[in-house]
Structures are given as structure tokens and as C-alpha cells.
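So this one's query.txt, compact mmCIF, C-alpha atoms:
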```
# COMPACT_ATOMS: atom_id res chain seq x y z
CA MET W 1 0.00 0.00 0.00
CA ALA W 2 1.55 3.34 -1.09
CA ALA W 3 1.94 6.18 1.42
CA MET W 4 -0.74 8.22 -0.32
CA ALA W 5 -3.08 5.23 -0.20
CA VAL W 6 -2.56 5.19 3.57
CA THR W 7 -3.31 8.92 3.64
CA SER W 8 -6.58 8.22 1.84
CA LEU W 9 -7.67 6.09 4.82
CA PHE W 10 -7.39 9.12 7.10
CA ALA W 11 -9.25 11.20 4.50
CA GLU W 12 -12.04 8.63 4.34
CA SER W 13 -12.40 8.72 8.11
CA VAL W 14 -12.80 12.51 8.14
CA GLY W 15 -14.98 12.41 5.02
CA ALA W 16 -17.38 9.94 6.61
CA ILE W 17 -17.93 12.35 9.52
CA VAL W 18 -18.59 15.21 7.10
CA ARG W 19 -21.00 13.09 5.07
CA GLU W 20 -23.05 12.32 8.19
CA LEU W 21 -23.11 16.01 9.10
CA SER W 22 -24.30 16.93 5.61
CA LEU W 23 -27.29 14.61 5.96
CA LYS W 24 -28.54 16.52 9.00
CA LYS W 25 -30.98 19.27 8.08
CA ALA W 26 -31.22 20.66 11.61
CA ALA W 27 -29.24 23.58 12.97
CA ASP W 28 -26.41 21.26 14.09
CA GLY W 29 -25.84 20.02 10.53
CA LEU W 30 -23.90 21.62 7.68
CA TYR W 31 -26.96 22.74 5.75
CA GLY W 32 -29.48 23.95 8.28
CA PRO W 33 -32.37 26.41 7.81
CA CYS W 34 -30.07 29.44 7.99
CA MET W 35 -27.77 28.24 5.23
CA ALA W 36 -30.76 27.34 3.05
CA ALA W 37 -32.06 30.91 3.54
CA PHE W 38 -28.63 32.34 2.67
CA GLU W 39 -28.55 30.31 -0.54
CA ARG W 40 -32.02 31.55 -1.62
CA ALA W 41 -31.05 35.16 -0.91
CA ILE W 42 -27.86 34.86 -2.96
CA ILE W 43 -29.60 33.17 -5.90
CA GLU W 44 -32.26 35.89 -5.95
CA ARG W 45 -29.59 38.57 -6.36
CA VAL W 46 -27.67 36.93 -9.21
CA PRO W 47 -29.98 38.31 -11.96
CA LEU W 48 -29.81 41.78 -10.40
CA VAL W 49 -26.02 42.29 -10.37
CA ASP W 50 -23.55 43.11 -13.13
CA LEU W 51 -20.81 40.66 -12.19
CA VAL W 52 -20.66 37.49 -10.10
CA VAL W 53 -17.25 36.79 -8.58
CA GLU W 54 -16.96 33.23 -7.35
CA VAL W 55 -14.22 33.03 -4.72
CA ARG W 56 -12.55 29.65 -4.37
CA ASP W 57 -9.74 28.32 -2.20
CA ALA W 58 -6.58 27.92 -4.32
CA ARG W 59 -5.69 24.78 -2.34
CA ILE W 60 -8.94 23.12 -3.50
CA PRO W 61 -9.92 24.90 -6.74
CA LEU W 62 -12.46 22.25 -7.74
CA THR W 63 -13.72 21.12 -4.34
CA SER W 64 -14.44 24.72 -3.26
CA ALA W 65 -16.76 25.44 -6.21
CA PHE W 66 -19.96 27.28 -5.26
CA GLU W 67 -22.51 24.69 -6.38
CA PRO W 68 -25.62 26.95 -6.62
CA LEU W 69 -24.00 28.72 -9.60
CA ARG W 70 -24.01 25.47 -11.55
CA ARG W 71 -27.81 25.70 -11.65
CA LEU W 72 -27.87 29.27 -12.96
CA ALA W 73 -27.26 30.64 -16.45
CA CYS W 74 -24.79 33.35 -15.48
CA SER W 75 -21.50 32.26 -17.04
CA HIS W 76 -21.51 35.40 -19.26
CA LYS W 77 -21.07 37.58 -16.17
CA GLN W 78 -19.09 35.26 -13.93
CA MET W 79 -15.42 35.16 -13.02
CA ILE W 80 -13.51 32.79 -10.74
CA VAL W 81 -11.00 34.10 -8.19
CA LEU W 82 -8.64 31.63 -6.55
CA ASN W 83 -7.89 33.15 -3.15
CA LYS W 84 -5.13 32.06 -0.74
CA VAL W 85 -2.61 31.49 -3.53
CA ASP W 86 0.07 32.15 -0.91
CA LEU W 87 -0.94 28.89 0.80
CA ALA W 88 -1.13 26.73 -2.34
CA ASP W 89 1.50 25.05 -4.50
CA ARG W 90 2.59 27.71 -7.03
CA SER W 91 3.02 25.44 -10.04
CA LEU W 92 -0.30 23.70 -9.47
CA THR W 93 -2.08 27.03 -9.06
CA GLU W 94 -0.73 28.11 -12.46
CA MET W 95 -1.98 24.86 -13.96
CA TRP W 96 -5.45 25.39 -12.50
CA LEU W 97 -5.60 28.97 -13.81
CA ARG W 98 -4.71 27.75 -17.30
CA HIS W 99 -7.27 24.95 -16.97
CA PHE W 100 -10.12 27.34 -16.17
CA LYS W 101 -9.12 29.75 -18.92
CA MET W 102 -9.02 26.90 -21.43
CA HIS W 103 -12.64 26.23 -20.46
CA ASN W 104 -13.54 29.86 -21.17
CA PHE W 105 -13.70 31.05 -17.57
CA ILE W 106 -12.25 34.39 -16.57
CA CYS W 107 -9.98 33.35 -13.72
CA TYR W 108 -7.49 35.15 -11.51
CA GLY W 109 -5.35 34.13 -8.51
CA VAL W 110 -5.15 36.44 -5.52
CA ASN W 111 -3.83 36.85 -1.99
CA SER W 112 -6.48 38.93 -0.25
CA HIS W 113 -3.93 40.26 2.26
CA ASN W 114 -1.55 41.55 -0.40
CA LYS W 115 -2.11 45.13 -1.63
CA ASP W 116 -0.55 44.61 -5.06
CA SER W 117 -2.61 41.47 -5.59
CA ILE W 118 -5.85 43.28 -4.71
CA ASN W 119 -4.94 46.24 -6.91
CA GLU W 120 -4.54 43.88 -9.85
CA LEU W 121 -7.85 42.19 -9.02
CA LEU W 122 -9.58 45.59 -8.98
CA ARG W 123 -8.08 46.37 -12.37
CA VAL W 124 -9.39 43.08 -13.78
CA VAL W 125 -12.84 43.66 -12.26
CA ARG W 126 -13.09 47.20 -13.62
CA ALA W 127 -12.04 46.04 -17.07
CA ARG W 128 -14.65 43.29 -17.02
CA ILE W 129 -17.41 45.66 -15.93
CA LYS W 130 -16.40 48.17 -18.60
CA LYS W 131 -16.66 45.43 -21.23
CA LEU W 132 -20.11 44.47 -19.97
CA LYS W 133 -21.43 48.03 -19.58
CA GLY W 134 -19.64 49.95 -22.34
CA ASP W 135 -17.84 53.29 -22.16
CA ASP W 136 -20.56 55.18 -20.27
CA ARG W 137 -19.08 56.10 -16.88
CA SER W 138 -22.32 57.41 -15.36
CA TYR W 139 -23.59 53.97 -14.38
CA THR W 140 -23.49 52.24 -11.01
CA SER W 141 -22.33 48.63 -10.99
CA THR W 142 -22.79 45.92 -8.41
CA ILE W 143 -20.56 42.88 -7.91
CA LEU W 144 -21.76 39.82 -6.03
CA LEU W 145 -19.06 37.88 -4.17
CA VAL W 146 -20.08 34.26 -3.57
CA GLY W 147 -18.38 31.13 -2.29
CA ILE W 148 -18.32 28.39 0.30
CA PRO W 149 -17.47 29.28 3.94
CA ASN W 150 -13.98 30.48 4.86
CA VAL W 151 -12.54 31.04 1.38
CA GLY W 152 -11.70 34.62 2.34
CA LYS W 153 -14.58 36.61 0.82
CA SER W 154 -14.81 39.08 3.70
CA ALA W 155 -11.04 39.62 3.84
CA MET W 156 -11.13 40.29 0.10
CA VAL W 157 -14.03 42.71 0.51
CA ASN W 158 -12.18 44.64 3.22
CA SER W 159 -9.08 44.98 1.04
CA MET W 160 -11.07 45.99 -2.04
CA HIS W 161 -13.10 48.48 0.01
CA GLN W 162 -10.03 50.09 1.55
CA ILE W 163 -7.92 50.25 -1.61
CA GLY W 164 -10.83 51.14 -3.89
CA ARG W 165 -11.97 53.98 -1.63
CA THR W 166 -8.45 55.39 -1.38
CA GLY W 167 -7.99 55.38 -5.15
CA ALA W 168 -11.36 57.02 -5.69
CA GLU W 169 -10.90 59.51 -2.83
CA VAL W 170 -14.21 58.41 -1.33
CA LYS W 171 -15.18 60.27 1.83
CA GLY W 172 -16.87 58.78 4.86
CA LYS W 173 -16.17 56.19 7.50
CA LEU W 174 -14.27 53.07 6.45
CA ARG W 175 -16.34 49.96 7.05
CA HIS W 176 -15.08 46.49 7.88
CA ALA W 177 -16.57 43.11 7.10
CA THR W 178 -16.20 40.60 9.92
CA VAL W 179 -13.22 38.34 9.27
CA SER W 180 -12.54 35.17 11.23
CA SER W 181 -10.59 31.93 10.88
CA GLN W 182 -13.84 30.18 11.79
CA PRO W 183 -16.38 29.53 9.01
CA GLY W 184 -19.85 31.05 9.10
CA GLU W 185 -19.07 34.49 10.57
CA THR W 186 -20.81 36.45 7.79
CA LYS W 187 -24.55 36.40 8.55
CA ASP W 188 -25.97 38.86 6.02
CA ILE W 189 -25.49 40.34 2.55
CA ILE W 190 -23.78 43.73 2.95
CA SER W 191 -22.73 46.30 0.35
CA TYR W 192 -19.32 48.04 0.26
CA LYS W 193 -18.20 50.76 -2.13
CA ILE W 194 -14.97 50.01 -3.97
CA GLY W 195 -14.88 52.67 -6.69
CA SER W 196 -16.23 55.94 -8.11
CA HIS W 197 -16.67 57.21 -11.68
CA PRO W 198 -18.17 54.75 -12.27
CA ASN W 199 -19.59 53.85 -8.89
CA ILE W 200 -18.89 50.22 -8.07
CA TYR W 201 -20.26 48.32 -5.10
CA VAL W 202 -19.41 44.80 -3.95
CA LEU W 203 -21.83 42.60 -2.00
CA ASP W 204 -20.28 40.36 0.65
CA THR W 205 -22.34 37.21 1.20
CA PRO W 206 -22.45 34.34 3.71
CA GLY W 207 -20.64 31.16 2.73
CA VAL W 208 -22.86 28.31 1.55
CA LEU W 209 -22.04 24.60 1.34
CA SER W 210 -23.87 22.01 -0.72
CA GLY W 211 -26.93 20.44 0.86
CA GLU W 212 -25.36 16.99 0.70
CA ILE W 213 -21.71 15.96 0.52
CA GLY W 214 -21.74 12.38 -0.66
CA VAL W 215 -18.06 11.86 -1.50
CA ASP W 216 -15.64 11.28 1.39
CA ASP W 217 -12.74 12.84 -0.51
CA LEU W 218 -14.75 16.04 -1.01
CA GLY W 219 -15.72 16.31 2.64
CA SER W 220 -12.22 15.68 3.94
CA LYS W 221 -10.72 18.43 1.77
CA LEU W 222 -13.41 20.91 2.82
CA ALA W 223 -12.82 20.10 6.48
CA LEU W 224 -9.03 20.29 6.30
CA SER W 225 -9.11 23.64 4.47
CA GLY W 226 -11.31 25.13 7.22
CA ALA W 227 -14.64 25.36 5.36
CA ILE W 228 -16.32 23.37 8.13
CA ASP W 229 -16.14 24.16 11.84
CA ASP W 230 -13.35 22.03 13.35
CA SER W 231 -15.43 21.26 16.43
CA LEU W 232 -18.04 19.51 14.27
CA VAL W 233 -15.50 17.20 12.68
CA GLY W 234 -13.00 16.89 15.52
CA GLU W 235 -9.71 18.76 15.77
CA VAL W 236 -7.64 15.67 16.57
CA ASP W 237 -9.02 13.68 13.61
CA LEU W 238 -8.24 16.62 11.32
CA ALA W 239 -4.72 16.93 12.73
CA ARG W 240 -4.11 13.23 12.16
CA TYR W 241 -5.29 13.63 8.57
CA PHE W 242 -2.98 16.60 8.02
CA LEU W 243 -0.01 14.77 9.52
CA SER W 244 -0.67 11.82 7.21
CA VAL W 245 -0.45 14.25 4.29
CA LEU W 246 2.69 15.93 5.63
CA ASN W 247 4.40 12.60 6.28
CA SER W 248 3.63 11.41 2.74
CA LYS W 249 5.05 14.49 0.99
CA GLU W 250 8.50 16.03 0.63
CA GLU W 251 7.87 19.28 2.49
CA TYR W 252 9.35 18.13 5.80
CA LYS W 253 12.72 17.39 4.15
CA ARG W 254 13.24 21.14 3.70
CA TRP W 255 13.45 21.47 7.49
CA GLU W 256 16.49 19.21 7.85
CA ASN W 257 18.97 22.08 8.09
CA LEU W 258 17.06 24.14 10.65
CA LYS W 259 19.48 24.91 13.46
CA ALA W 260 18.53 25.18 17.09
CA ASP W 261 20.11 28.55 17.73
CA ALA W 262 21.35 28.93 21.25
CA ASP W 263 20.00 32.45 21.46
CA ASP W 264 16.45 31.60 20.34
CA ALA W 265 15.09 32.28 23.82
CA VAL W 266 17.47 35.11 24.72
CA ILE W 267 16.93 38.59 23.35
CA SER W 268 19.22 41.44 24.21
CA THR W 269 18.20 45.01 24.86
CA SER W 270 19.99 46.15 21.71
CA GLU W 271 17.90 43.75 19.64
CA PHE W 272 14.73 45.26 21.11
CA ASN W 273 16.02 48.72 20.21
CA GLN W 274 16.45 47.53 16.63
CA GLY W 275 12.75 46.73 16.50
CA ARG W 276 12.93 42.94 16.85
CA ARG W 277 9.60 41.47 17.92
CA ARG W 278 9.36 40.28 21.52
CA GLN W 279 9.04 36.51 21.88
CA TYR W 280 6.12 35.07 23.82
CA PRO W 281 6.24 31.30 24.49
CA SER W 282 2.43 31.19 24.73
CA ASP W 283 2.08 32.44 21.13
CA HIS W 284 2.52 29.42 18.86
CA THR W 285 2.79 31.65 15.77
CA GLN W 286 6.14 33.09 16.92
CA ASP W 287 8.98 32.23 14.55
CA PHE W 288 11.08 30.45 17.16
CA ILE W 289 8.16 28.18 18.10
CA VAL W 290 7.37 27.43 14.45
CA ARG W 291 11.01 26.44 13.96
CA ASP W 292 10.78 24.11 16.95
CA VAL W 293 7.59 22.57 15.56
CA ARG W 294 9.23 21.97 12.18
CA ARG W 295 12.33 20.45 13.79
CA THR W 296 10.18 18.17 15.93
CA LEU W 297 8.13 16.94 12.99
CA PHE W 298 11.27 16.33 10.94
CA ARG W 299 12.96 14.48 13.81
CA CYS W 300 9.95 12.22 14.36
CA ILE W 301 9.93 11.13 10.72
CA SER W 302 13.66 10.89 10.08
CA SER W 303 14.81 9.35 13.37
CA ASN W 304 13.01 6.10 12.62
CA SER W 305 13.24 3.85 9.63
CA VAL W 306 9.49 3.93 9.21
CA ASN W 307 7.57 2.29 6.43
CA LEU W 308 4.96 4.91 5.64
CA GLU W 309 3.25 2.56 3.24
CA ASN W 310 2.05 0.57 6.23
CA GLU W 311 -1.12 1.85 7.89
CA ASN W 312 -0.19 0.79 11.44
CA THR W 313 3.28 2.31 11.12
CA MET W 314 1.79 5.60 9.89
CA ARG W 315 -0.67 5.66 12.79
CA ILE W 316 2.09 5.04 15.33
CA LEU W 317 4.21 7.81 13.79
CA ILE W 318 1.30 10.28 13.92
CA GLU W 319 0.56 9.52 17.57
CA ASN W 320 4.27 10.00 18.36
CA GLN W 321 4.20 13.35 16.55
CA LEU W 322 1.13 14.55 18.46
CA THR W 323 2.83 13.61 21.72
CA ALA W 324 6.18 15.17 20.78
CA LEU W 325 4.56 18.46 19.71
CA HIS W 326 3.55 19.26 23.30
CA GLU W 327 7.10 20.43 24.00
CA PRO W 328 7.68 22.86 21.10
CA LEU W 329 4.15 24.22 21.48
CA ARG W 330 4.84 24.81 25.21
CA LEU W 331 1.87 22.69 26.30
CA PRO W 332 1.77 20.44 29.38
CA LYS W 333 2.19 16.76 28.60
CA GLU W 334 -1.04 15.36 29.92
CA PRO W 335 -2.20 11.95 28.70
CA CYS W 336 -5.72 13.05 27.86
CA GLU W 337 -7.83 14.01 24.85
CA ASP W 338 -7.90 17.69 25.84
CA SER W 339 -4.10 17.96 25.59
CA TYR W 340 -4.18 16.37 22.15
CA LYS W 341 -6.98 18.78 21.17
CA ALA W 342 -4.82 21.77 22.15
CA VAL W 343 -1.92 20.44 20.07
CA ALA W 344 -4.25 19.72 17.14
CA SER W 345 -5.80 23.21 17.18
CA LYS W 346 -2.40 24.93 17.10
CA LEU W 347 -1.06 22.55 14.45
CA LEU W 348 -4.06 23.16 12.18
CA ASN W 349 -3.65 26.91 12.61
CA LEU W 350 0.00 26.73 11.54
CA PHE W 351 -0.93 24.64 8.53
CA ARG W 352 -3.76 26.97 7.48
CA THR W 353 -1.57 30.06 7.75
CA GLY W 354 1.18 28.56 5.59
CA ARG W 355 3.75 28.08 8.34
CA LEU W 356 4.12 24.36 7.56
CA GLY W 357 4.37 24.58 3.79
CA ARG W 358 2.20 25.13 0.74
CA TYR W 359 -0.31 22.47 -0.23
CA THR W 360 -2.77 21.91 -3.07
CA PHE W 361 -5.19 19.04 -2.54
CA ASP W 362 -7.03 19.19 -5.88
CA ILE W 363 -4.81 17.99 -8.69
CA LEU W 364 -5.77 18.25 -12.35
CA PRO W 365 -6.73 14.92 -13.94
CA GLY W 366 -3.82 13.23 -15.64
CA ILE W 367 -1.13 14.77 -13.42
CA THR W 368 -1.23 12.14 -10.69
CA ASN W 369 -2.99 8.98 -9.71
CA ASP W 370 -2.95 9.82 -6.00
CA PRO W 371 -6.37 8.83 -4.63
CA ILE W 372 -6.29 11.61 -2.08
CA LEU W 373 -5.10 14.39 -4.35
CA SER W 374 -6.91 13.68 -7.60
```

Do you think you could lay out the structure here as C-alpha cells?
Amino acid sequence: MAAMAVTSLFAESVGAIVRELSLKKAADGLYGPCMAAFERAIIERVPLVDLVVEVRDARIPLTSAFEPLRRLACSHKQMIVLNKVDLADRSLTEMWLRHFKMHNFICYGVNSHNKDSINELLRVVRARIKKLKGDDRSYTSTILLVGIPNVGKSAMVNSMHQIGRTGAEVKGKLRHATVSSQPGETKDIISYKIGSHPNIYVLDTPGVLSGEIGVDDLGSKLALSGAIDDSLVGEVDLARYFLSVLNSKEEYKRWENLKADADDAVISTSEFNQGRRRQYPSDHTQDFIVRDVRRTLFRCISSNSVNLENENTMRILIENQLTALHEPLRLPKEPCEDSYKAVASKLLNLFRTGRLGRYTFDILPGITNDPILS
């Protein structure tokens, strides 16, 4: 059994949990009454807007498709934006962009936290609207941003609103869409101005998942990317799935030469005066802690002659990694599920912010036969 085949077993386990959640129509399921109402409200607005921007996660360009659009005839005024390109494999992102363009989609990759990236997105959006509306600059245009939960729509809206207002010298109070690492924070459809002459408004919308997720592979990718609340799936199960992916890829080998600097924990007054950031052991996002996490993960894999093509061996390695990570994450070593949950939550955060490498989980057909990545 190949290492990726072993990884698929962890994916199937997570996917089965997601599938069960998707079958629940109550509030504790993935597609409860609120999400159904959000979907209806979004669909009702599609005919009324000038441009529909479908925001997808660049790590899962196919899995993160906004399914309600498939049922609407709006391709003439639709464009796809792959957000979080800074977290995805660069070469695979380029392949996906070419793939969508070959299928006649207007597609663009963006990092919603990068000013230059957002400026280029605004240029593309304005050009598209101008093509749809003509040269008359007296019109007002509306853009509808849609997508599944936690693909970064609100972060993108905030950046477009701030940069667009500055360029257009718009007066008035700057507004902010609620941004969170947790899915489901946006609860309403809200308008933000991003340009003048012509006036352009963008509508931020709540994230909507499909009513039923019947494929385990689909559900596991959605959960690992953060589109589903971790507490519904289980942080530890998700962390085990991620570690199975990490252990099966080459990323960890880049951490071999990380040195344990003797002065990691000692900072002189002169260094503070030079503006170096203070180090807090309780903050797992600090560089020195991330280095320790990487070293620990590398040591766990490389210190044993493990056969990662064996399921039991992979499971033992993952449990050893979860135990070993208590030390670099400055967590007490308590043999209980809560301690593993704390490790898992911090590990998932580091993965989702790009501190543990760049990953793309959707691979174009024909590139690989990996059951978990294709």
C-alpha cells in the first residue's frame, strides 16, 4: 500500500464524519435552515447584479466550487477568483488557472492580504465591468461575491473596500466586514463601495455549502481547508489527517537544516532597540516556536526507519508526533484528549496560515494517480 493510499484512509475517516453532518438538516448540521435561507437570498440577487465573482480556495480549486451557480445561467457575467494562492503550491495554481481559462472562464489568482494582488484584481474587475457596460461612466455597478465558507470573501471585501476607496478619494467612514478563521461568521449580505466614476459596489455574502456531501474525498478536503467548523469534525481527527499528508510528501525534508540557535530564547536590549519582535512562548505563531515545531516533525519522521506505506506504522508515527509536539508548542504533557486537542488546534492553525508549507489538494486529472489528491 503506497503512502498516499494510507493517507486516503485518514481522508475517508474525516470524510465519513462530514457526510453524516451533511445529511442533518437541523441547525447542528452543515446545511441547516439558515444556510438554506442564505442560498435563496444569494440566488435571488444573481440576476440583479452586473458581475458574479466566485471566490474559491486555491488549495482546492475544484472542491471549493460554489454549487448553486451550476444551476444558474450566469457564465456570461461570472469570473472565478482563486484566493489564498500564498498557501497553495505555485506550479499547481498556475496549472489550474490555465485549466479554467481553457474552459472559457475568466480566472485570476489572488492573496487577499496583499495590496498589489488586490490592486490587480480591482483592475481586472473594472475592465470586465467596462466590457459588460460599455464606455458610459455614469452607471453604477454591483458585484456579487459568492463562495463556500472560509474562502476569504470578507477579507477580500475589506481589502477591495479600503484600496478602492483610497484610489477614488471616497469620503466617509471606512467599514469592515467581519473576518474570522472560523467559518460562518458572515450572517448577512452587505454592500461596500470600492470605486467611483463609475460607482462600483461589492456585496459580501455568507458562505454556503452544498446540501449533501456524498463523497468522502470532497468532505475531507473541505474540512481540512477550514470550510467546516473544526469542532463539528474533531480537531484531533483533522490533525491526524494533516499529519498523514505531511508525512507522505517532501515538504518536511526542507526542514532538515534548521538549526537550534542557542540564542532563540534570549533577546538582548539592543535587539529590542532595533525593533525585533518580543518573543512570547504562549504564542505558537512566533517564529522560534514554528522552527521548533518543524524540527520536531522532521525528527519524528527521520529518526526512525518507518515504512509509511504501512497503515499501522503511519498511525504510530502520527501519535508520536502529536505527543512530541507538546514540547515545542509549550503545552503540558497530559495523557488526555484535551491535551491532544490543544496540540491539534495549534497545528491546524500553523498549517492553514502557511507556516508548515504550501499544499494543493485538488490535482488536475492526468497529473497524478494519487487517490487523495486527484

Could you jot down the atom CA of Ile17 of chain W to atom CA of Val233 of chain W separation for me, Å, one decimal place?
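Computing it gives 6.3 Å between the two atoms.
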
Contacts of Pro47 of chain W at 12 Å (only C-alpha atoms; same-chain gap of 2+ positions) as number ranges by chain:
W: 41-45, 49-52, 69, 72-78, 142-144

Resulting file, chosen residues, C-alpha atoms, as a CSV table (one decimal), in the coordinates of the input:
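Generated output (selection_12.csv):
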```csv
chain,number,residue,atom,x,y,z
W,41,ALA,CA,-31.0,35.2,-0.9
W,42,ILE,CA,-27.9,34.9,-3.0
W,43,ILE,CA,-29.6,33.2,-5.9
W,44,GLU,CA,-32.3,35.9,-6.0
W,45,ARG,CA,-29.6,38.6,-6.4
W,49,VAL,CA,-26.0,42.3,-10.4
W,50,ASP,CA,-23.6,43.1,-13.1
W,51,LEU,CA,-20.8,40.7,-12.2
W,52,VAL,CA,-20.7,37.5,-10.1
W,69,LEU,CA,-24.0,28.7,-9.6
W,72,LEU,CA,-27.9,29.3,-13.0
W,73,ALA,CA,-27.3,30.6,-16.4
W,74,CYS,CA,-24.8,33.4,-15.5
W,75,SER,CA,-21.5,32.3,-17.0
W,76,HIS,CA,-21.5,35.4,-19.3
W,77,LYS,CA,-21.1,37.6,-16.2
W,78,GLN,CA,-19.1,35.3,-13.9
W,142,THR,CA,-22.8,45.9,-8.4
W,143,ILE,CA,-20.6,42.9,-7.9
W,144,LEU,CA,-21.8,39.8,-6.0
```

What is the atom CA of Asp287 of chain W to atom CA of Arg59 of chain W distance in Å?
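Atom CA of Arg59 of chain W lies at a distance of 23.6 Å from atom CA of Asp287 of chain W.
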
Find the residues around Val215 of chain W up to 12 Å (all atoms listed in the file counted), leave out those fewer than 3 positions away in its own chain, and share them as a list in words.
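After dropping sequence-adjacent residues, the list is Ala11, Glu12, Ser13, Val14, Gly15, Ala16, Ile17, Val18, Arg19, Glu20, Ser22, Thr63, Ser210, Glu212, Leu218, Gly219, Ser220, Lys221, Leu222 and Ile372 of chain W.
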
Box dimensions and centre (Å, one decimal) enclosing segment 213-216 of chain W, axis-aligned, 5 Å extra per side, as AutoDock Vina command-line options:
```
--center_x -18.7 --center_y 13.6 --center_z -0.1 --size_x 16.1 --size_y 14.7 --size_z 12.9
```

Nearest to Trp96 of chain W, chosen from W:Asp362, W:Glu120, W:Glu67, W:Glu250, with only C-alpha atoms counted in the distances:
W:Asp362

Work out how far atom CA of Pro33 of chain W is from atom CA of Pro68 of chain W, in Å to one decimal.
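So the answer is 15.9 Å.
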
Of W:Tyr108, W:Trp255, W:Tyr340, W:Phe288, the one sitting nearest Pro328 of chain W when using only C-alpha atoms is W:Phe288

I'd like to know which of W:Ala127, W:Val343, W:Ile289, W:Ile118 is closest to Glu235 of chain W, using only C-alpha atoms.
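Closest to Glu235 of chain W of all the choices is W:Val343.
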
Here is a test: counting all atoms listed in the file, which residue of W:Asp135, W:Glu94, W:Asp283, W:Asp116 is nearest to Ile163 of chain W?
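Checking each of W:Asp135, W:Glu94, W:Asp283, W:Asp116 against Ile163 of chain W, counting all atoms listed in the file, the winner is W:Asp116.
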
Of the candidates W:Leu203, W:Leu23, W:Ala344, W:Val124, which one gets nearest to Val146 of chain W if we count only C-alpha atoms?
W:Leu203

Near-His326 of chain W list (10 Å; all atoms listed in the file; drop same-chain fewer than 2 positions) as a tab-separated table (two decimals) with C-alpha atoms, keeping the file's coordinate frame:
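Full text of selection34.tsv as output:
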```tsv
chain	number	residue	atom	x	y	z
W	293	VAL	CA	7.59	22.57	15.56
W	296	THR	CA	10.18	18.17	15.93
W	321	GLN	CA	4.20	13.35	16.55
W	322	LEU	CA	1.13	14.55	18.46
W	323	THR	CA	2.83	13.61	21.72
W	324	ALA	CA	6.18	15.17	20.78
W	328	PRO	CA	7.68	22.86	21.10
W	329	LEU	CA	4.15	24.22	21.48
W	330	ARG	CA	4.84	24.81	25.21
W	331	LEU	CA	1.87	22.69	26.30
W	332	PRO	CA	1.77	20.44	29.38
W	333	LYS	CA	2.19	16.76	28.60
W	334	GLU	CA	-1.04	15.36	29.92
W	339	SER	CA	-4.10	17.96	25.59
W	340	TYR	CA	-4.18	16.37	22.15
W	342	ALA	CA	-4.82	21.77	22.15
W	343	VAL	CA	-1.92	20.44	20.07
W	344	ALA	CA	-4.25	19.72	17.14
```

Protein and nucleic acid residues near (4.6, 19.6, -0.9) (cut-off 12 Å, all atoms listed in the file) as a count of residues only:
25

Nearest to Asn349 of chain W, chosen from W:Glu39, W:Glu54, W:Asp230, W:Asp216, with all atoms listed in the file counted in the distances
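Of W:Glu39, W:Glu54, W:Asp230, W:Asp216, the one nearest Asn349 of chain W is W:Asp230, counting all atoms listed in the file.
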